[in-house]
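Novice: Sending over start-v7.cif (mmCIF, C-alpha atoms).
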data_structure
loop_
_atom_site.label_atom_id
_atom_site.label_comp_id
_atom_site.auth_asym_id
_atom_site.auth_seq_id
_atom_site.Cartn_x
_atom_site.Cartn_y
_atom_site.Cartn_z
CA MET A 957 90.92 100.46 88.25
CA THR A 958 94.44 99.04 87.80
CA ASN A 959 94.14 99.20 84.00
CA LEU A 960 93.72 102.99 83.89
CA THR A 961 96.58 105.02 82.44
CA LYS A 962 97.85 108.09 84.28
CA LYS A 963 95.99 110.39 81.86
CA LYS A 964 92.72 108.49 82.28
CA THR A 965 93.13 108.47 86.05
CA LEU A 966 93.62 112.23 86.11
CA ALA A 967 90.66 112.68 83.77
CA VAL A 968 88.39 110.62 86.04
CA ILE A 969 89.51 112.59 89.10
CA LEU A 970 89.22 116.02 87.48
CA ILE A 971 85.83 115.36 85.88
CA SER A 972 84.51 113.99 89.17
CA TYR A 973 85.91 117.02 91.00
CA LEU A 974 84.39 119.42 88.45
CA ILE A 975 80.92 117.87 88.68
CA CYS A 976 80.88 118.03 92.48
CA SER A 977 82.32 121.58 92.44
CA ILE A 978 79.60 122.84 90.11
CA ILE A 979 76.93 121.63 92.54
CA LYS A 980 78.84 123.22 95.41
CA TYR A 981 79.08 126.63 93.72
CA ILE A 982 75.38 126.54 92.80
CA GLU A 983 74.45 125.90 96.43
CA PHE A 984 76.86 128.46 97.91
CA PHE A 985 75.98 131.23 95.44
CA PHE A 986 72.26 130.71 94.87
CA ILE A 987 70.59 128.26 97.28
CA GLN A 988 72.64 129.40 100.33
CA THR A 989 71.54 126.65 102.67
CA ASP A 990 74.05 127.99 105.21
CA GLN A 991 71.85 131.06 105.65
CA THR A 992 68.94 128.92 106.85
CA PHE A 993 68.41 127.21 110.21
CA ILE A 994 70.65 124.38 108.95
CA ALA A 995 73.63 126.79 109.04
CA ASP A 996 75.58 124.66 106.55
CA ASN A 997 75.63 123.90 102.85
CA VAL A 998 74.71 120.23 102.99
CA ILE A 999 73.07 119.75 99.57
CA CYS A 1000 76.41 119.56 97.75
CA LYS A 1001 77.72 117.14 100.41
CA ILE A 1002 74.71 114.85 99.99
CA PHE A 1003 75.28 115.04 96.24
CA CYS A 1004 78.92 114.02 96.77
CA ILE A 1005 77.87 110.98 98.79
CA ILE A 1006 75.43 109.92 96.05
CA PHE A 1007 78.13 110.57 93.45
CA ILE A 1008 80.59 108.35 95.34
CA VAL A 1009 78.03 105.53 95.41
CA VAL A 1010 77.54 105.85 91.63
CA VAL A 1011 81.25 105.93 90.68
CA LEU A 1012 82.04 103.01 92.97
CA ARG A 1013 79.45 100.96 91.10
CA ILE A 1014 80.77 102.10 87.73
CA TYR A 1015 84.34 101.10 88.60
CA LYS A 1016 83.30 98.04 90.60
CA LEU A 1017 84.87 99.25 93.85
CA SER A 1018 83.56 98.62 97.34
CA PHE A 1019 83.30 101.11 100.18
CA ALA A 1020 85.82 99.00 102.10
CA GLU A 1021 88.37 99.44 99.29
CA ILE A 1022 88.28 103.23 99.59
CA GLY A 1023 88.57 103.19 103.39
CA PHE A 1024 85.06 102.67 104.79
CA ASN A 1025 86.04 99.32 106.29
CA PHE A 1026 84.06 97.94 109.23
CA SER A 1027 85.71 94.51 109.43
CA ASN A 1028 87.98 95.08 112.45
CA ILE A 1029 85.90 96.93 115.03
CA LYS A 1030 88.61 97.08 117.71
CA LYS A 1031 91.26 98.55 115.39
CA ASN A 1032 88.79 100.93 113.76
CA LEU A 1033 87.72 102.20 117.17
CA LEU A 1034 91.35 102.87 118.08
CA TYR A 1035 91.89 104.74 114.83
CA ALA A 1036 88.76 106.80 115.49
CA LEU A 1037 89.92 107.62 119.01
CA PHE A 1038 93.31 108.61 117.60
CA GLY A 1039 91.57 111.06 115.25
CA PHE A 1040 89.54 112.59 118.06
CA ALA A 1041 92.66 112.80 120.25
CA LEU A 1042 94.51 114.69 117.52
CA GLY A 1043 91.70 117.22 117.21
CA ILE A 1044 91.13 117.64 120.95
CA GLY A 1045 94.82 117.85 121.81
CA THR A 1046 95.88 120.29 119.10
CA PHE A 1047 92.87 122.56 119.51
CA ALA A 1048 93.35 122.60 123.29
CA ILE A 1049 96.84 123.96 122.62
CA SER A 1050 95.73 126.45 119.95
CA TYR A 1051 92.82 127.79 122.01
CA SER A 1052 95.17 128.16 124.99
CA VAL A 1053 97.75 130.04 122.92
CA GLU A 1054 95.02 132.31 121.54
CA ILE A 1055 93.70 133.10 125.02
CA ILE A 1056 97.21 133.80 126.37
CA ILE A 1057 97.92 136.22 123.52
CA LEU A 1058 94.63 138.03 124.00
CA LEU A 1059 95.20 138.28 127.76
CA ALA A 1060 98.68 139.67 127.10
CA GLN A 1061 97.00 142.37 125.00
CA GLY A 1062 94.93 143.35 128.03
CA LYS A 1063 91.62 142.06 126.73
CA SER A 1064 88.91 140.45 128.83
CA ILE A 1065 87.93 137.02 127.53
CA SER A 1066 84.91 134.77 127.70
CA LEU A 1067 84.03 131.57 125.87
CA GLY A 1068 80.75 131.26 123.99
CA PHE A 1069 79.12 127.97 123.07
CA TYR A 1070 76.64 128.47 120.24
CA VAL A 1071 76.27 127.33 116.64
CA THR A 1072 77.56 129.36 113.70
CA ASN A 1073 78.71 128.66 110.18
CA PHE A 1074 82.19 129.67 109.07
CA ALA A 1075 83.16 132.62 106.87
CA LEU A 1076 86.54 134.21 106.24
CA SER A 1077 85.16 137.61 107.23
CA GLY A 1078 83.77 136.16 110.46
CA ALA A 1079 81.20 133.63 111.61
CA THR A 1080 77.70 134.37 110.35
CA ASN A 1081 74.15 133.21 111.01
CA SER A 1082 74.60 132.54 114.73
CA VAL A 1083 72.02 130.15 116.14
CA GLU A 1084 71.14 130.11 119.83
CA LEU A 1085 72.27 126.84 121.38
CA SER A 1086 69.49 124.32 121.76
CA LEU A 1087 69.24 120.57 121.45
CA SER A 1088 67.79 120.84 117.94
CA ALA A 1089 70.52 123.28 116.81
CA LEU A 1090 73.21 121.02 118.26
CA LEU A 1091 71.78 117.92 116.58
CA ILE A 1092 71.52 119.73 113.24
CA CYS A 1093 75.13 120.89 113.60
CA ILE A 1094 76.28 117.33 114.37
CA ALA A 1095 74.27 115.85 111.49
CA GLY A 1096 75.60 118.48 109.07
CA ASN A 1097 79.17 117.79 110.08
CA VAL A 1098 78.70 114.02 109.81
CA ILE A 1099 77.40 114.44 106.25
CA ASN A 1100 80.25 116.80 105.47
CA VAL A 1101 83.06 114.51 106.64
CA ILE A 1102 81.60 111.41 105.00
CA ALA A 1103 81.33 113.30 101.70
CA GLU A 1104 84.74 114.98 101.75
CA GLU A 1105 86.74 112.12 103.22
CA GLY A 1106 84.98 109.65 100.95
CA LEU A 1107 85.66 111.75 97.84
CA PHE A 1108 89.19 113.02 98.49
CA ARG A 1109 90.93 110.55 100.84
CA GLY A 1110 88.69 107.72 99.66
CA PHE A 1111 87.97 107.65 95.92
CA PHE A 1112 90.56 110.14 94.63
CA LEU A 1113 93.45 108.86 96.75
CA HIS A 1114 92.61 105.23 96.03
CA ILE A 1115 92.59 105.48 92.24
CA ALA A 1116 95.46 107.99 92.07
CA LYS A 1117 97.88 105.89 94.11
CA GLU A 1118 97.44 102.98 91.68
CA SER A 1119 98.74 105.14 88.82
CA PHE A 1120 101.07 107.58 90.58
CA GLY A 1121 102.07 105.93 93.86
CA PHE A 1122 100.95 107.11 97.28
CA LYS A 1123 103.15 110.21 97.65
CA LYS A 1124 102.06 111.87 94.39
CA ALA A 1125 98.47 110.73 94.91
CA ASN A 1126 98.43 112.35 98.34
CA TYR A 1127 99.60 115.66 96.89
CA ILE A 1128 96.98 115.45 94.11
CA GLN A 1129 94.07 114.98 96.53
CA ALA A 1130 95.50 117.62 98.88
CA LEU A 1131 95.72 120.22 96.10
CA LEU A 1132 92.18 119.47 95.02
CA PHE A 1133 90.94 119.61 98.61
CA GLY A 1134 92.55 123.03 98.97
CA THR A 1135 90.92 124.40 95.82
CA TRP A 1136 87.63 122.79 96.89
CA HIS A 1137 87.43 125.42 99.64
CA LEU A 1138 88.00 128.42 97.36
CA VAL A 1139 84.25 128.77 97.00
CA THR A 1140 84.33 130.55 100.37
CA VAL A 1141 86.74 133.16 99.00
CA ALA A 1142 84.69 133.55 95.81
CA LEU A 1143 81.57 134.07 97.90
CA GLU A 1144 83.25 136.82 99.94
CA VAL A 1145 84.17 138.63 96.70
CA LYS A 1146 80.64 138.20 95.35
CA ASN A 1147 79.15 139.61 98.57
CA GLY A 1148 81.53 142.59 98.51
CA THR A 1149 83.12 141.71 101.86
CA MET A 1150 86.55 141.10 100.32
CA ASN A 1151 88.47 142.85 97.54
CA ILE A 1152 90.39 141.00 94.82
CA PRO A 1153 93.95 141.47 96.23
CA THR A 1154 92.85 140.26 99.67
CA ALA A 1155 90.95 137.40 98.07
CA ALA A 1156 94.07 136.29 96.17
CA VAL A 1157 96.08 136.16 99.40
CA MET A 1158 93.29 134.35 101.23
CA ALA A 1159 92.92 131.87 98.37
CA ILE A 1160 96.59 130.90 98.59
CA GLY A 1161 96.29 130.65 102.37
CA TYR A 1162 93.18 128.51 102.08
CA ILE A 1163 94.82 126.09 99.65
CA VAL A 1164 97.78 125.72 102.01
CA LEU A 1165 95.61 125.45 105.12
CA ALA A 1166 93.20 122.85 103.74
CA GLY A 1167 96.07 121.15 101.94
CA ILE A 1168 97.93 120.62 105.22
CA LEU A 1169 94.96 118.77 106.68
CA ALA A 1170 94.45 116.80 103.47
CA LEU A 1171 98.08 115.64 103.50
CA GLU A 1172 97.75 114.67 107.14
CA TRP A 1173 94.52 112.74 106.65
CA GLY A 1174 95.90 111.08 103.53
CA THR A 1175 98.91 109.98 105.57
CA CYS A 1176 96.53 108.58 108.19
CA VAL A 1177 94.93 106.48 105.44
CA SER A 1178 98.38 105.24 104.43
CA MET A 1179 99.18 104.28 108.05
CA THR A 1180 95.86 102.64 108.90
CA GLY A 1181 94.32 101.59 105.59
CA VAL A 1182 90.99 103.18 106.59
CA LEU A 1183 89.38 106.63 106.76
CA TRP A 1184 88.31 106.63 110.41
CA ALA A 1185 91.16 108.69 111.92
CA GLY A 1186 90.73 111.47 109.36
CA ILE A 1187 86.94 111.34 109.57
CA CYS A 1188 86.96 111.75 113.35
CA GLU A 1189 89.52 114.57 113.43
CA HIS A 1190 87.78 116.29 110.52
CA PHE A 1191 84.46 116.07 112.37
CA PHE A 1192 85.91 117.41 115.61
CA ASN A 1193 87.73 120.28 113.87
CA ASN A 1194 84.56 121.43 112.13
CA PHE A 1195 82.35 120.94 115.18
CA ILE A 1196 84.61 122.85 117.58
CA GLY A 1197 84.99 125.67 115.06
CA ASN A 1198 81.21 125.90 114.68
CA THR A 1199 80.42 125.88 118.41
CA LEU A 1200 83.25 127.11 120.71
CA HIS A 1201 84.00 130.81 120.31
CA VAL A 1202 86.49 133.17 121.95
CA ILE A 1203 84.81 136.48 122.78
CA THR A 1204 86.45 139.77 123.77
CA GLU A 1205 85.19 143.33 124.06
CA THR A 1206 86.47 144.00 120.52
CA GLY A 1207 84.97 141.01 118.74
CA THR A 1208 84.43 137.28 118.43
CA ASP A 1209 87.00 134.76 117.15
CA GLU A 1210 89.41 137.52 116.12
CA MET A 1211 92.27 135.02 115.97
CA GLN A 1212 90.27 132.13 114.55
CA ILE A 1213 92.46 131.68 111.45
CA ALA A 1214 95.66 131.68 113.53
CA ARG A 1215 94.08 129.17 115.93
CA ILE A 1216 93.16 126.84 113.06
CA VAL A 1217 96.58 127.15 111.40
CA LEU A 1218 98.38 126.28 114.63
CA SER A 1219 96.15 123.27 115.28
CA ASN A 1220 96.53 122.02 111.71
CA LEU A 1221 100.31 122.35 111.73
CA LEU A 1222 100.58 120.54 115.05
CA SER A 1223 98.38 117.70 113.77
CA LEU A 1224 100.42 117.33 110.59
CA ILE A 1225 103.71 117.28 112.51
CA ILE A 1226 102.41 114.66 114.95
CA VAL A 1227 101.14 112.38 112.18
CA LEU A 1228 104.34 112.73 110.13
CA LEU A 1229 106.46 111.89 113.17
CA ILE A 1230 104.33 108.85 113.96
CA ASN A 1231 104.46 107.76 110.31
CA ARG A 1232 108.25 108.12 110.22
CA LYS A 1233 108.64 106.13 113.43
CA LYS A 1234 106.31 103.45 112.07
CA LYS A 1235 108.38 103.09 108.89
CA LYS A 1236 111.57 102.65 110.92
CA MET A 1237 110.08 99.83 113.00
#
Can the structure in the file be given as structure tokens, please?

Specialist:
Amino acid sequence: MTNLTKKKTLAVILISYLICSIIKYIEFFFIQTDQTFIADNVICKIFCIIFIVVVLRIYKLSFAEIGFNFSNIKKNLLYALFGFALGIGTFAISYSVEIIILLAQGKSISLGFYVTNFALSGATNSVELSLSALLICIAGNVINVIAEEGLFRGFFLHIAKESFGFKKANYIQALLFGTWHLVTVALEVKNGTMNIPTAAVMAIGYIVLAGILALEWGTCVSMTGVLWAGICEHFFNNFIGNTLHVITETGTDEMQIARIVLSNLLSLIIVLLINRKKKKM
């Protein structure tokens, strides 16, 4: 890949992104796997994984080169634990802040543990908690993080940093990861649950929100050389959002977006501080 010009690198990234996005929009708009017992759109994620395998063969890259490295088990385990710790620690804080605010408003609070998918207008397609539902949720999230981390922090970041350097490459993959999630906004408009002005605001917010995580996970790749920290935090973030819900007499997960924003910002700050300290050593 080192012989690609900047224009060719961008072309490879954008064409790859477009192909995967088309499959994603087809599934979200027409197949709607998330409205089934699976409660997630996994077809486009499976396609992404297959796509990654194909492009790695075309460009003669290995999975290890884009971050799926299994050579040092002890280090990889530590990186994975670091990712889980980031997710657990920051969400513990954000859930606590959410509960304190709701209590201050005089609301009664309970926690619900059941499986849902995510929507900007509220979680939909709730599935009663059972072993099968939990296993499906876990499997769906595993497929999701392998696909997205492999595509954005793996393939895109790897080839972009060769042409643009890490900093610019990290912003490129983060911007694309943010726009990758705009399908959710488009779906809300299509379903009539969101008007255009609101959708425009939400779209900007989504790009920033997903972009924050993408920058953080890209920085984790820069610090560790592998994808495991980002994969594990990404998995935990999705899993906890799908299963642990804050319920009051006026609704469920009313402050979900604020909770996610706070957790994401805390994670980014922690990783940036660690990265800065590491560079000074």

Novice: Taking all atoms listed in the file into account, name the residue in A:Tyr1035, A:Phe1133, A:Phe1026, A:Tyr1127 that is nearest to A:Ser977.

Specialist: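 Comparing A:Tyr1035, A:Phe1133, A:Phe1026, A:Tyr1127 against A:Ser977, the winner is A:Phe1133.
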
Novice: Applying the PyMOL selection byres ((chain A and resi 980) around 8) to the file I just gave you, which residues come out? Please list them as a ChimeraX atom specification.

Specialist: /A:976-979,981-984,999-1001,1139

Novice: Quick one: of A:Ala995, A:Ile1187, A:Ile1044, A:Ile1168, who's nearest to A:Asn1126, counting only C-alpha atoms?

Specialist: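 Closest to A:Asn1126 of all the choices is A:Ile1168.
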
Novice: Fewer than 5 positions away in the same chain doesn't count, so skip those; otherwise give me all residues within 7 Å of A:Asn1097, counting all atoms listed in the file, as a PyMOL selection string.

Specialist: chain A and resi 1191+1194-1195

Novice: Take the residues from that selection and put them in a file with C-alpha atoms, as a PDB file, keeping the file's coordinate frame.

Specialist:
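Saved to result_31.pdb:
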ATOM      1  CA  PHE A1191      84.460 116.070 112.370  1.00  0.00           C
ATOM      2  CA  ASN A1194      84.560 121.430 112.130  1.00  0.00           C
ATOM      3  CA  PHE A1195      82.350 120.940 115.180  1.00  0.00           C
TER       4      PHE A1195
END

Novice: Which one is closest to A:Gly1039: A:Asn1151, A:Asn1193, A:Thr1204, A:Thr965? Count only C-alpha atoms.

Specialist: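 Going through A:Asn1151, A:Asn1193, A:Thr1204, A:Thr965 one by one, the smallest distance to A:Gly1039 is for A:Asn1193.
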
Novice: Just give me the gap between atom CA of A:Ser1052 and atom CA of A:Ile1216 in Å, one decimal is fine.

Specialist: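 Pair atom CA of A:Ser1052 / atom CA of A:Ile1216 returns 12.2 Å.
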